[in-house]
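K.L.:
Below is a structure I'd like to ask you about.
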Amino acid sequence: VDRRQLDTNFFDPSYVEDPFPLYDEIRQVGNVVWNGVLGGWVVVGYEECLSVVTNPSGHFVQLSGDPELTFWFEAPNMIGVDGPEHRRLRGALAPLFTRSAVAKWESRIRAVVRQLLAPMVAGSDSFDLIADFTTLPTLIVSEMLGVPEARYDDFQRWSHDIVTNLSFGHEDAESLEILRRAAIEINAYLKEEIDRHRRERPDDLLTTMLDMEGTDAMSLEEVRSTAVLLLAAGYDTTAKTMSNALIALERNPDQRRLVAQDLSLVPAAVEESLRWFGPVQWLPRRTIVDTVLDGMEVSPGETVYVFSAAANRDPRRWDHPERFDVRREPKSHLAFGYGPHLCLGAPLARLETKVALEELLRLAPEYRLRDLDFGRSMFIRGPERGIVEVGVRAGA
Ligand code: HEM
């Protein structure tokens with residue numbers, strides 16, 4: 001069979017601006033299409049993406065495990081490994097991140113959101129989307145791990161710098177420089193923090209990781225690498241999910257009205273925002289065994305880009321996928337990936353986004369966003385700048 005090919009340029013600013021027309025163009029060509037610009041396979045169909053990420057026959061491995069591409073991880077952690085190593089490095093943490101385990105954070109999350117929104121309650125008309133609102137996930141993941149408040153700004157910057165500049169070997173010189181600096185700073189800092197934890201043994205996640213024993217035991221380097229992963233994965237993606245949910249609701253005022261009038265719809269609105277406008281555009285895998293995907297012959301060594309954001313609008317799975325509809329029949333989507341590497345932090349991220357939306361809609365059901373800037377990340381998409389205007393207040 002001939003190789004289906006379309007050289008969509010994902011590095012063009014228009015892609016970050018609005019990726020969905022490009023996903024439709026690719027879909028016209030096929031669900032699995034070679035891309036000469038990326039030098040890899042682009043997968044946009046839901047079923048095809050699902051089969052790669054669930055990986056039942058072990059045909060694919062994580063590109064995040066390549067130490068040259070993700071050099072800020074100075075030792076393995078769960079996102080880069082597969083099979084028994086993955087079970088060891090994830091298994092030990094999994095019980096701490098279940099829905100029931102993170103539920104105990106809800107009151108703390110609500111207190112933080114109320115604190116962030118306090119100036120608006122006091123009468124201020126607008127606030128900064130990034131500095132005043134989406135800092136929530138940094139605060140929570142930092143408190144969980146047990147890093148002091150004085151370093152929260154640094155953590156936020158490191159997470160943002162890593163996640164936003166990362167593109168698995170496609171970075172330009174400027175991005176590489178930012179990544180190198182963040183890698184050095186975050187590792188130097190966490191080395192100190194791990195030493196302090198070994199001396200003082202505060203009751204938090206870092207100490208828990210250091211204390212793991214038997215088959216769960218992690219080396220000091222693995223604990224540090226896992227902490228880098230949690231800090232990097234725990235802020236930027238969630239901040240962008242919160243912002244993207246606000247955008248989705250503002251662009252669909254009828255849906256926003258429904259949700260604002262009945263806050264029990266917030267969890268459904270969070271899921272629909274993740275499907276319709278989730279931040280993660282694609283997940284990278286490397287093929288290790290000859291594989292046929294939708295009739296295409298994929299060879300060992302080739303990179304497969306699982307375009308989860310495109311799969312989440314596959315018309316074979318969702319009726320009118322371009323419609324944002326909070327009352328859609330619930331169906332699993334790929335915004336958190338799927339299968340063995342399904343986002344460990346998904347229950348926490350869902351809880352944070354839910355509480356943030358509840359509190360904001362209660363205060364400002366007709367908020368307005370302005371000066372949004374999506375930056376240039378072609379991997380994790382969401383605003384990097386923006387202002388929220390409170391507008392008409394609830395009950396006003
Ligand atoms: C809404 C916000 C978030 C989104 C959209 C998101 C998305 C994802 C996705 C798509 C993956 C799969 C990666 C792959 O298959 O290669 C993933 C993995 C992961 N995420 Fe998240 N994430 C979010 C929030 C968080 C939070 C808050 C944490 C932790 C505090 C977290 C920790 C992780 C970890 C540890 C993994 C690796 C799991 C593994 O490889 O087994 N994420 N995330």
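Lettering and numbering for the structure tokens are positional, with chains as A, B, ... in the shown order, residues counted from 1 in each chain, and ligands counted from 1 in the shown order.
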Can I get the residues close to ligand 1 as a ChimeraX atom specification, where close means within 8 Å and we count only C-alpha atoms and all ligand atoms?
P.N.:
/A:53,62-64,77-81,86,90,137,141,226,229-231,233-242,274,278-280,282-285,308,334-350,353
K.L.:
List every residue of region 149-381 of chain A that DSSP, applied to the backbone of this structure, assigns to strand (DSSP E or B), and report them as a list in words.
P.N.:
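Across region 149-381 of chain A, those assigned strand (DSSP E or B) are Val280, Leu283, Pro284, Arg285, Arg286, Thr287, Thr291, Val292, Leu293, Met296, Glu297, Val298, Thr303, Val304, Tyr305, Val306, Ala335, Gly337, Arg368, Leu369, Arg370, Asp371, Leu372, Asp373 and Ile380 of chain A.
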K.L.:
Calculated over only C-alpha atoms, which of the candidates A:Trp158, A:Tyr305, A:Phe127, A:Phe10 has the smallest distance to Gly391 (chain A)?
P.N.:
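The closest residue to Gly391 (chain A) is A:Phe127.
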K.L.:
Near Leu166 (chain A), counting only C-alpha atoms, which residues have an atom at most 9 Å away, once you skip same-chain residues fewer than 4 positions from it, shown as a list in words?
P.N.:
Leu69, Thr70, Asp161, Ile162, His170, Glu171, Ser175, Leu176, Leu179, Ser377, Met378, Phe379 and Ile380 of chain A
K.L.:
Between A:Leu205, A:Ala309, A:Val1, A:Ala227, which one has atoms that come closest to Pro321 (chain A), using only C-alpha atoms?
P.N.:
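Looking at the shortest contact to Pro321 (chain A), the residue is A:Ala309.
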K.L.:
Mind pulling up the distance from CA of Glu192 (chain A) to CA of Leu220 (chain A)?
P.N.:
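Going from CA of Leu220 (chain A) over to CA of Glu192 (chain A) covers 11.8 Å.
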K.L.:
Determine which residues of region 116-201 of chain A DSSP labels as helix (DSSP H, G or I) from the backbone of this structure, then write them out as an MDAnalysis selection string.
P.N.:
chainID A and resid 116:121 136:145 149:165 173:200
K.L.:
Hey, what's within 12 Å of Val112 (chain A) if we count only C-alpha atoms and toss same-chain stuff fewer than 2 positions away? As JSON, numbers by chain, please?
P.N.:
{"A": [105, 106, 107, 108, 109, 110, 114, 115, 116, 117, 118, 132, 133, 134, 135, 136, 137, 138, 139, 140, 143, 352, 355, 356, 359]}
K.L.:
Quick one: everything within 12 Å of region 209-211 of chain A, counting only C-alpha atoms, minus sequence neighbours fewer than 5 positions away in the same chain. Send it as an MDAnalysis selection string.
P.N.:
chainID A and resid 89:94 96 144:146 193:199 201:204 216:227
K.L.:
As an exercise, work out the distance from CA of Arg275 (chain A) to CA of His333 (chain A) in Å and give it to one decimal place.
P.N.:
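CA of Arg275 (chain A) sits 6.0 Å away from CA of His333 (chain A).
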K.L.:
Just to confirm, what's the straight-line distance from CA of Thr291 (chain A) to CA of Tyr23 (chain A) in Å (one decimal)?
P.N.:
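Here the two named atoms are 23.2 Å from each other.
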K.L.:
Have a look at A:Arg251, A:Arg327, A:Arg362, A:Arg370 and name the one nearest to Pro383 (chain A); count only C-alpha atoms.
P.N.:
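Looking at the shortest contact to Pro383 (chain A), the residue is A:Arg370.
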